[in-house]
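What follows is one structure encoded as structure tokens, with my remarks underneath.
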Amino acid sequence: MGHNKLTRFAEVATFNNVFQPTGNLEEDKNFPLKGKWHEEYFKNNNPIVLELGCGKGEYTIGLARRFPNKNFIGMDIKGARLWRGAKTAFEEKMSNVAFVRNRIDFIEQYFGKDEVSEIWVPFSDPYPRKGKAEKRLVSASFVKRYRNLAKPGCIVHLKTDNEGLYQFCMEQVEEHKYPLLVNSDDVYNDAEKLGAERYALLTEIQTYYEKQFLKEGKKIHYVEFVI
Ligand SMILES: C[S@@+](CC[C@H](N)C(=O)[O-])C[C@H]1O[C@@H](n2cnc3c(N)ncnc32)[C@H](O)[C@@H]1O
């Protein structure tokens, strides 16, 4: 690990807005905030929105600034990336933000039934190879986990540059009959279809990876559905 990464990794451990369960499922069985995020951490009953594979947490921070009456939790396995979002939230004293560093595969250990109202999945790894579909964060195996913590009507937002992942997500929506709210294969040129509010969220908040993809001239795709 480079010096910078190590420093960030160490600093993350000092932030009171970052939780780092062990990833050992036996030990994490007693993760103290599971089912108690509202009472024990946010101290309110506002909806909880997750950003999965959040990297530097641009959606967590960007949405939390716009929606002070919602709570946001970014989740990623990489602590040195989470550091960016966590530091911003810490410096700006954002009380509606937290981060969890661990694998999304273990998400059911960290959130309880009916605890989550919405899930953002920006630029997740597409796992293009055959036989790897189960690793995609919108695959049925992940949606099954999400349903164990989702409130009825929980919305999933997938934003991606990857044509294959976009198509896969649309196929999942059709196959599992998830109600589709909207989709776009070219977000930046679909203002009318997306509507002003959604278009603003999708174009004004840009993630680190998205900025690289935009520079490369790639189209950005989006699917919004209910699980
Ligand atoms: C391509 S990056 C995108 C990061 C960020 N959303 C962005 O758009 O800049 C994918 C991120 O997902 C995280 N990730 C992928 N699979 C994960 C998993 N199963 N559990 C936790 N994090 C995961 C990676 O560590 C990485 O930060």
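Naming works like this for the structure tokens: A, B, ... for the chains as they're shown, residue 1 at the start of each chain, ligands 1 onward in shown order.
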Problem - Surrounding residues as a VMD selection string, ligand 1, max 10 Å, only C-alpha atoms and all ligand atoms - result: chain A and resid 51 to 60 74 to 82 100 to 107 120 to 127 135 to 137 142 159 to 161 206 to 213
Exercise for the section: Could you find all residues in range 56-226 of chain A that DSSP calls strand (DSSP E or B) from the backbone, and write them as number ranges by chain? Expected result: A: 71-76, 97-101, 116-122, 150-160, 180-184, 221-226
Atoms to include: C-alpha atoms. Write the selected residues as a JSON list (two decimals), in the first residue's frame.
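And here's result03.json as it stands now:
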```json
[["chain", "number", "residue", "atom", "x", "y", "z"],
["A", 71, "ASN", "CA", -29.82, 9.89, 5.93],
["A", 72, "PHE", "CA", -27.07, 8.52, 3.68],
["A", 73, "ILE", "CA", -24.68, 5.64, 4.15],
["A", 74, "GLY", "CA", -21.90, 4.83, 1.68],
["A", 75, "MET", "CA", -20.46, 1.34, 1.61],
["A", 76, "ASP", "CA", -17.23, 0.15, 0.02],
["A", 97, "VAL", "CA", -23.88, 10.80, 6.66],
["A", 98, "ALA", "CA", -22.07, 7.60, 7.60],
["A", 99, "PHE", "CA", -19.87, 5.04, 5.86],
["A", 100, "VAL", "CA", -19.45, 1.31, 6.33],
["A", 101, "ARG", "CA", -16.25, -0.30, 5.15],
["A", 116, "VAL", "CA", -33.37, 1.02, 3.99],
["A", 117, "SER", "CA", -35.54, 3.16, 1.70],
["A", 118, "GLU", "CA", -33.38, 3.60, -1.38],
["A", 119, "ILE", "CA", -30.17, 2.22, -2.92],
["A", 120, "TRP", "CA", -27.79, 3.92, -5.35],
["A", 121, "VAL", "CA", -25.33, 1.81, -7.34],
["A", 122, "PRO", "CA", -23.04, 4.17, -9.26],
["A", 150, "ALA", "CA", -35.42, -2.83, 2.17],
["A", 151, "LYS", "CA", -38.63, -1.08, 3.05],
["A", 152, "PRO", "CA", -41.56, -1.90, 0.74],
["A", 153, "GLY", "CA", -41.20, 0.19, -2.41],
["A", 154, "CYS", "CA", -37.41, 0.51, -2.05],
["A", 155, "ILE", "CA", -35.96, 2.06, -5.22],
["A", 156, "VAL", "CA", -32.65, 1.00, -6.81],
["A", 157, "HIS", "CA", -30.74, 3.47, -9.00],
["A", 158, "LEU", "CA", -28.11, 1.98, -11.31],
["A", 159, "LYS", "CA", -25.81, 4.43, -13.10],
["A", 160, "THR", "CA", -23.17, 2.97, -15.40],
["A", 180, "LEU", "CA", -39.36, -0.07, -13.87],
["A", 181, "LEU", "CA", -39.58, 3.65, -13.07],
["A", 182, "VAL", "CA", -37.33, 4.97, -15.80],
["A", 183, "ASN", "CA", -34.32, 4.03, -17.92],
["A", 184, "SER", "CA", -31.98, 5.90, -20.21],
["A", 221, "HIS", "CA", -26.75, 4.76, -18.74],
["A", 222, "TYR", "CA", -29.33, 4.68, -15.95],
["A", 223, "VAL", "CA", -32.00, 2.33, -14.65],
["A", 224, "GLU", "CA", -34.38, 3.12, -11.77],
["A", 225, "PHE", "CA", -36.54, 0.27, -10.50],
["A", 226, "VAL", "CA", -38.35, -1.01, -7.42]]
```
Practice task
May I ask for the distance between CA of Asn24 in chain A and CA of Lys130 in chain A, given in Å to one decimal place?
Solution key: 28.9 Å
Practice task
List the neighbours of Asp190 in chain A out to 12 Å using only C-alpha atoms; skip same-chain residues closer than 2 positions along the sequence, and give me the result as a ChimeraX atom specification.
Solution key: /A:182-188,192-196,198-200,202-203,219-222
Same residues, N, CA, C and O atoms, saved as an mmCIF file, in the first residue's frame:
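See part-v5.cif below for the written result:
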```
data_model
loop_
_atom_site.group_PDB
_atom_site.id
_atom_site.type_symbol
_atom_site.label_atom_id
_atom_site.label_comp_id
_atom_site.auth_asym_id
_atom_site.auth_seq_id
_atom_site.Cartn_x
_atom_site.Cartn_y
_atom_site.Cartn_z
ATOM 1 N N VAL A 182 -37.827 4.289 -14.606
ATOM 2 C CA VAL A 182 -37.325 4.971 -15.801
ATOM 3 C C VAL A 182 -35.985 4.356 -16.192
ATOM 4 O O VAL A 182 -35.279 3.800 -15.350
ATOM 5 N N ASN A 183 -35.653 4.435 -17.475
ATOM 6 C CA ASN A 183 -34.321 4.026 -17.917
ATOM 7 C C ASN A 183 -33.855 4.956 -19.028
ATOM 8 O O ASN A 183 -34.683 5.583 -19.698
ATOM 9 N N SER A 184 -32.536 5.058 -19.155
ATOM 10 C CA SER A 184 -31.984 5.896 -20.215
ATOM 11 C C SER A 184 -30.676 5.285 -20.670
ATOM 12 O O SER A 184 -29.862 4.885 -19.835
ATOM 13 N N ASP A 185 -30.450 5.222 -21.989
ATOM 14 C CA ASP A 185 -29.146 4.722 -22.425
ATOM 15 C C ASP A 185 -28.183 5.876 -22.731
ATOM 16 O O ASP A 185 -27.058 5.653 -23.136
ATOM 17 N N ASP A 186 -28.654 7.103 -22.467
ATOM 18 C CA ASP A 186 -27.762 8.259 -22.673
ATOM 19 C C ASP A 186 -28.249 9.419 -21.792
ATOM 20 O O ASP A 186 -28.895 10.355 -22.261
ATOM 21 N N VAL A 187 -27.909 9.314 -20.503
ATOM 22 C CA VAL A 187 -28.444 10.231 -19.496
ATOM 23 C C VAL A 187 -28.298 11.705 -19.886
ATOM 24 O O VAL A 187 -29.246 12.489 -19.765
ATOM 25 N N TYR A 188 -27.116 12.080 -20.352
ATOM 26 C CA TYR A 188 -26.849 13.514 -20.584
ATOM 27 C C TYR A 188 -27.651 14.075 -21.765
ATOM 28 O O TYR A 188 -27.726 15.289 -21.938
ATOM 29 N N GLU A 192 -35.511 15.358 -21.116
ATOM 30 C CA GLU A 192 -36.975 15.369 -21.154
ATOM 31 C C GLU A 192 -37.552 14.089 -20.543
ATOM 32 O O GLU A 192 -38.432 14.131 -19.691
ATOM 33 N N LYS A 193 -36.990 12.962 -20.963
ATOM 34 C CA LYS A 193 -37.492 11.674 -20.460
ATOM 35 C C LYS A 193 -37.258 11.548 -18.950
ATOM 36 O O LYS A 193 -38.102 11.029 -18.219
ATOM 37 N N LEU A 194 -36.103 12.017 -18.491
ATOM 38 C CA LEU A 194 -35.745 11.833 -17.081
ATOM 39 C C LEU A 194 -36.480 12.805 -16.154
ATOM 40 O O LEU A 194 -36.673 12.514 -14.974
ATOM 41 N N GLY A 195 -36.872 13.940 -16.667
ATOM 42 C CA GLY A 195 -37.530 14.961 -15.833
ATOM 43 C C GLY A 195 -36.475 15.805 -15.128
ATOM 44 O O GLY A 195 -35.371 15.318 -14.835
ATOM 45 N N ALA A 196 -36.843 17.055 -14.824
ATOM 46 C CA ALA A 196 -35.855 18.037 -14.364
ATOM 47 C C ALA A 196 -35.127 17.620 -13.079
ATOM 48 O O ALA A 196 -33.896 17.715 -12.984
ATOM 49 N N ARG A 198 -34.714 14.597 -11.562
ATOM 50 C CA ARG A 198 -33.853 13.420 -11.701
ATOM 51 C C ARG A 198 -32.643 13.752 -12.580
ATOM 52 O O ARG A 198 -31.514 13.349 -12.301
ATOM 53 N N TYR A 199 -32.888 14.508 -13.655
ATOM 54 C CA TYR A 199 -31.800 14.882 -14.574
ATOM 55 C C TYR A 199 -30.721 15.666 -13.823
ATOM 56 O O TYR A 199 -29.522 15.451 -14.006
ATOM 57 N N ALA A 200 -31.180 16.563 -12.939
ATOM 58 C CA ALA A 200 -30.217 17.360 -12.169
ATOM 59 C C ALA A 200 -29.373 16.444 -11.270
ATOM 60 O O ALA A 200 -28.141 16.567 -11.224
ATOM 61 N N LEU A 202 -28.672 13.386 -11.687
ATOM 62 C CA LEU A 202 -27.833 12.479 -12.472
ATOM 63 C C LEU A 202 -26.691 13.190 -13.189
ATOM 64 O O LEU A 202 -25.703 12.560 -13.539
ATOM 65 N N THR A 203 -26.833 14.475 -13.416
ATOM 66 C CA THR A 203 -25.776 15.168 -14.166
ATOM 67 C C THR A 203 -24.952 16.119 -13.293
ATOM 68 O O THR A 203 -23.795 16.368 -13.575
ATOM 69 N N LYS A 219 -20.996 7.095 -23.153
ATOM 70 C CA LYS A 219 -22.370 7.421 -22.757
ATOM 71 C C LYS A 219 -22.624 6.891 -21.357
ATOM 72 O O LYS A 219 -22.082 5.845 -20.980
ATOM 73 N N ILE A 220 -23.468 7.589 -20.630
ATOM 74 C CA ILE A 220 -23.821 7.143 -19.286
ATOM 75 C C ILE A 220 -25.254 6.601 -19.316
ATOM 76 O O ILE A 220 -26.156 7.248 -19.869
ATOM 77 N N HIS A 221 -25.438 5.419 -18.742
ATOM 78 C CA HIS A 221 -26.749 4.762 -18.745
ATOM 79 C C HIS A 221 -27.337 4.766 -17.331
ATOM 80 O O HIS A 221 -26.596 4.826 -16.346
ATOM 81 N N TYR A 222 -28.654 4.615 -17.261
ATOM 82 C CA TYR A 222 -29.325 4.683 -15.952
ATOM 83 C C TYR A 222 -30.567 3.804 -15.949
ATOM 84 O O TYR A 222 -31.307 3.777 -16.927
#
```
Exercise for the section: Could you give me the residues within range 26-209 of chain A that DSSP places in helix (DSSP H, G or I), as a ChimeraX atom specification? Expected result: /A:26-28,37-42,58-66,79-91,104-109,133-135,140-147,163-176,187-189,191-194,196-204,208-209
Handout entry: Distance in Å - CA of Ala64 in chain A versus CA of Gly112 in chain A
Key = 21.4 Å
Problem - Exercise: Pro128 in chain A partners within 8 Å, only C-alpha atoms, chain neighbours under 5 positions left out, as a PyMOL selection string - result: chain A and resi 133+164-165
